[in-house]
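Reading through the structure tokens given below for one structure.
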Amino acid sequence: MRELQIANCKLQIERRRSLIAGLVLVAGLVLGGMPQFASAQGAAANTPTSAPAAAAPQAPPDLGDVLKAVDKASAGKDWSSPLKLAVVFAALALLPSLLVMMTSFTRIIIVLGFIRRALTTQTIPPTIALVGLGLFLTLFTMTPTISKINQQALQPYLQDKATFEVACVRSNNLLKEFMVNQTRGADLEMFLGMAGMPRPATINDLPSYVAIPAFAVSEFRKAFEMGCLLFIPFLLVDLVISGILLSAGMMMLPPSMISLPFKIILFVLVDGWRLLAQSLVGSFNY
């Protein structure tokens with residue numbers, strides 16, 4: 001029993017020694033750095049075992065000196081990596097708003113919502129299906145702009161031919177060019193007047209806080225115009241069915257229940273989804 005206790009004590013002592021050695025190793029890496037630790041280790045290996053170690057303890061580097069060295073090394077260069085990460089995460093947080101307000105998604109999803117309302121199918125197609133179709137139609141309509149951003153902003157930045165700030169400015173200018181091409185002149189003049197600014201000579205001189213709301217208002221107007229035009233044929237079907245039911249004396253029967261299959265058949269016979277996608281894509285100016 002006594003021998004077992006002695007063995008357990010020896011095992012605990014060895015574990016503590018290993019833990020202390022690991023802490024010393026981590027402290028050396030943190031305070032001295034990898035190069036200094038490696039050189040010290042190499043020097044210790046080259047020293048004869050009979051000679052006592054005479055290495056003087058190295059003091060940890062001063063924080064002020066480290067900050068000065070970092071500032072001197074990063075002076076005149078591109079943005080630092082932490083700042084780039086902060087910009088990327090901020091862009092990801094604003095991505096839903098950017099997708100809705102700076103692309104063709106707004107017009108597409110509003111028109112798709114109108115067509116489902118006109119068919120009176122309630123939740124058919126499901127909302128997730130409409131959003132998915134809207135996303136892919138948005139990607140299709142935004143492909144020319146995305147290609148320009150890739151060629152003029154992203155690739156030069158990846159090849160170190162442009163700084164991160166220049167790449168962001170070019171991307172913003174290309175998005176503004178797309179938005180201004182879809183914006184009505186009256187809406188743009190209204191926001192310029194409210195901002196107290198004259199009409200800029202080029203699109204690049206137009207500030208984003210003027211271009212984005214003008215683009216959004218124009219998109220809402222065009223989407224509602226297309227939705228109203230889509231409502232007219234389905235409204236005519238409802239009126240015809242209501243007149244037939246009224247003349248037959250079936251006033252208690254809901255007209256929407258009878259007109260629903262006729263509207264679906266009409267929409268399918270004219271290949272409505274193909275015409276709708278073609279109309280949506282063709283409504284954008286490039």
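Residue numbering restarts at 1 for every chain of the structure tokens, chains are lettered A, B, ... in their displayed order, and ligands are numbered from 1 as they appear.
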
I'd like the neighbourhood of A:Arg116 as a ChimeraX atom specification, where a residue qualifies if any of its atoms comes within 12 Å (using only C-alpha atoms), though same-chain residues fewer than 3 positions away should be ignored.
/A:109-113,119-127,129-130,227,230-231,234,260,263-264,267,272-273,276

So that I have them on file, write out the residues from the current selection with N, CA and C atoms, as a JSON list (two decimals), in the first residue's frame.
```
[["chain", "number", "residue", "atom", "x", "y", "z"],
["A", 109, "ILE", "N", -39.15, 41.02, -56.63],
["A", 109, "ILE", "CA", -39.92, 40.38, -55.56],
["A", 109, "ILE", "C", -41.29, 41.03, -55.41],
["A", 110, "ILE", "N", -41.41, 42.32, -55.68],
["A", 110, "ILE", "CA", -42.73, 42.97, -55.61],
["A", 110, "ILE", "C", -43.63, 42.45, -56.71],
["A", 111, "VAL", "N", -43.11, 42.31, -57.92],
["A", 111, "VAL", "CA", -43.92, 41.79, -59.03],
["A", 111, "VAL", "C", -44.32, 40.34, -58.78],
["A", 112, "LEU", "N", -43.43, 39.54, -58.24],
["A", 112, "LEU", "CA", -43.78, 38.16, -57.92],
["A", 112, "LEU", "C", -44.85, 38.09, -56.84],
["A", 113, "GLY", "N", -44.78, 39.00, -55.88],
["A", 113, "GLY", "CA", -45.84, 39.06, -54.88],
["A", 113, "GLY", "C", -47.18, 39.48, -55.48],
["A", 119, "LEU", "N", -53.41, 35.75, -58.54],
["A", 119, "LEU", "CA", -53.91, 34.38, -58.69],
["A", 119, "LEU", "C", -54.77, 33.94, -57.52],
["A", 120, "THR", "N", -54.72, 34.65, -56.41],
["A", 120, "THR", "CA", -55.45, 34.32, -55.17],
["A", 120, "THR", "C", -55.17, 32.89, -54.72],
["A", 121, "THR", "N", -53.92, 32.46, -54.85],
["A", 121, "THR", "CA", -53.54, 31.13, -54.40],
["A", 121, "THR", "C", -52.98, 31.14, -52.99],
["A", 122, "GLN", "N", -53.08, 32.27, -52.30],
["A", 122, "GLN", "CA", -52.63, 32.45, -50.93],
["A", 122, "GLN", "C", -51.14, 32.15, -50.79],
["A", 123, "THR", "N", -50.76, 30.98, -50.32],
["A", 123, "THR", "CA", -49.35, 30.68, -50.07],
["A", 123, "THR", "C", -48.75, 29.77, -51.15],
["A", 124, "ILE", "N", -49.33, 29.73, -52.32],
["A", 124, "ILE", "CA", -48.80, 28.94, -53.42],
["A", 124, "ILE", "C", -48.51, 29.88, -54.59],
["A", 125, "PRO", "N", -47.26, 29.97, -55.06],
["A", 125, "PRO", "CA", -46.05, 29.29, -54.57],
["A", 125, "PRO", "C", -45.64, 29.79, -53.19],
["A", 126, "PRO", "N", -44.91, 28.96, -52.42],
["A", 126, "PRO", "CA", -44.48, 29.39, -51.08],
["A", 126, "PRO", "C", -43.57, 30.61, -51.15],
["A", 127, "THR", "N", -43.51, 31.32, -50.05],
["A", 127, "THR", "CA", -42.70, 32.53, -49.99],
["A", 127, "THR", "C", -41.22, 32.23, -50.24],
["A", 129, "ALA", "N", -40.02, 29.93, -52.09],
["A", 129, "ALA", "CA", -39.81, 29.68, -53.52],
["A", 129, "ALA", "C", -39.77, 30.99, -54.30],
["A", 130, "LEU", "N", -40.64, 31.93, -53.95],
["A", 130, "LEU", "CA", -40.62, 33.23, -54.63],
["A", 130, "LEU", "C", -39.33, 33.99, -54.34],
["A", 227, "GLY", "N", -47.26, 45.37, -61.62],
["A", 227, "GLY", "CA", -48.24, 44.59, -60.86],
["A", 227, "GLY", "C", -49.67, 44.93, -61.23],
["A", 230, "LEU", "N", -50.53, 43.31, -64.47],
["A", 230, "LEU", "CA", -50.75, 41.88, -64.29],
["A", 230, "LEU", "C", -52.11, 41.58, -63.66],
["A", 231, "PHE", "N", -52.61, 42.50, -62.87],
["A", 231, "PHE", "CA", -53.89, 42.28, -62.19],
["A", 231, "PHE", "C", -55.08, 42.33, -63.14],
["A", 234, "PHE", "N", -56.65, 38.95, -64.65],
["A", 234, "PHE", "CA", -57.23, 38.14, -63.58],
["A", 234, "PHE", "C", -58.47, 38.81, -62.99],
["A", 260, "LEU", "N", -60.73, 30.59, -59.28],
["A", 260, "LEU", "CA", -59.34, 30.17, -59.06],
["A", 260, "LEU", "C", -58.86, 29.17, -60.10],
["A", 263, "LYS", "N", -58.34, 30.92, -63.50],
["A", 263, "LYS", "CA", -57.17, 31.81, -63.55],
["A", 263, "LYS", "C", -55.87, 31.00, -63.64],
["A", 264, "ILE", "N", -55.80, 29.90, -62.91],
["A", 264, "ILE", "CA", -54.60, 29.06, -63.01],
["A", 264, "ILE", "C", -54.46, 28.48, -64.41],
["A", 267, "PHE", "N", -53.32, 31.19, -66.77],
["A", 267, "PHE", "CA", -51.92, 31.53, -66.55],
["A", 267, "PHE", "C", -50.99, 30.46, -67.12],
["A", 272, "GLY", "N", -47.33, 31.70, -68.41],
["A", 272, "GLY", "CA", -47.19, 32.93, -67.64],
["A", 272, "GLY", "C", -45.84, 33.11, -66.99],
["A", 273, "TRP", "N", -45.26, 32.05, -66.45],
["A", 273, "TRP", "CA", -43.97, 32.20, -65.76],
["A", 273, "TRP", "C", -42.86, 32.60, -66.72],
["A", 276, "LEU", "N", -43.46, 36.20, -67.60],
["A", 276, "LEU", "CA", -43.16, 37.05, -66.45],
["A", 276, "LEU", "C", -41.65, 37.23, -66.29]]
```

Which residues are near stretch 189-201 of chain A? Cut-off 7 Å, only C-alpha atoms, ignore same chain within fewer than 3 positions. Put them as a PyMOL selection string.
chain A and resi 185-186+205-206+210+214

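The smallest atom-to-atom distance between A:Met102 and any of A:Leu133, A:Met142, A:Ile128, A:Ala118, using only C-alpha atoms, is found for A:Met142.
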
For A:Phe220, which of A:Ser256, A:Ser242, A:Thr145, A:Gln182 is the closest residue, counting only C-alpha atoms?
A:Gln182

Residues at most 10 Å from A:Phe284, counting only C-alpha atoms, excluding those fewer than 3 positions away in the same chain, as a PyMOL selection string?
chain A and resi 104+107+141-142+178+181-182+279-281

What would the file look like if the residues just selected were written as a PDB file, in the first residue's frame with C-alpha atoms?
```pdb
ATOM      1  CA  SER A 104     -32.910  44.578 -59.013  1.00  0.00           C
ATOM      2  CA  ARG A 107     -38.711  45.183 -58.398  1.00  0.00           C
ATOM      3  CA  THR A 141     -29.948  40.721 -64.193  1.00  0.00           C
ATOM      4  CA  MET A 142     -26.962  41.909 -62.143  1.00  0.00           C
ATOM      5  CA  PHE A 178     -26.539  50.620 -62.634  1.00  0.00           C
ATOM      6  CA  ASN A 181     -29.724  53.837 -65.391  1.00  0.00           C
ATOM      7  CA  GLN A 182     -32.891  52.487 -63.737  1.00  0.00           C
ATOM      8  CA  SER A 279     -40.740  40.872 -68.876  1.00  0.00           C
ATOM      9  CA  LEU A 280     -38.833  41.319 -65.617  1.00  0.00           C
ATOM     10  CA  VAL A 281     -35.417  40.821 -67.180  1.00  0.00           C
TER      11      VAL A 281
END
```

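With distances restricted to only C-alpha atoms, A:Ile108 is the closest residue to A:Ser283 from A:Ile108, A:Ala91, A:Asn172, A:Ile115.
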
Taking the backbone alone, and naming residues the way the document does, which bits of stretch 149-232 of chain A are helix (DSSP H, G or I) by DSSP, as a ChimeraX atom specification?
/A:149-158,164-182,185-195,203-205,208-232
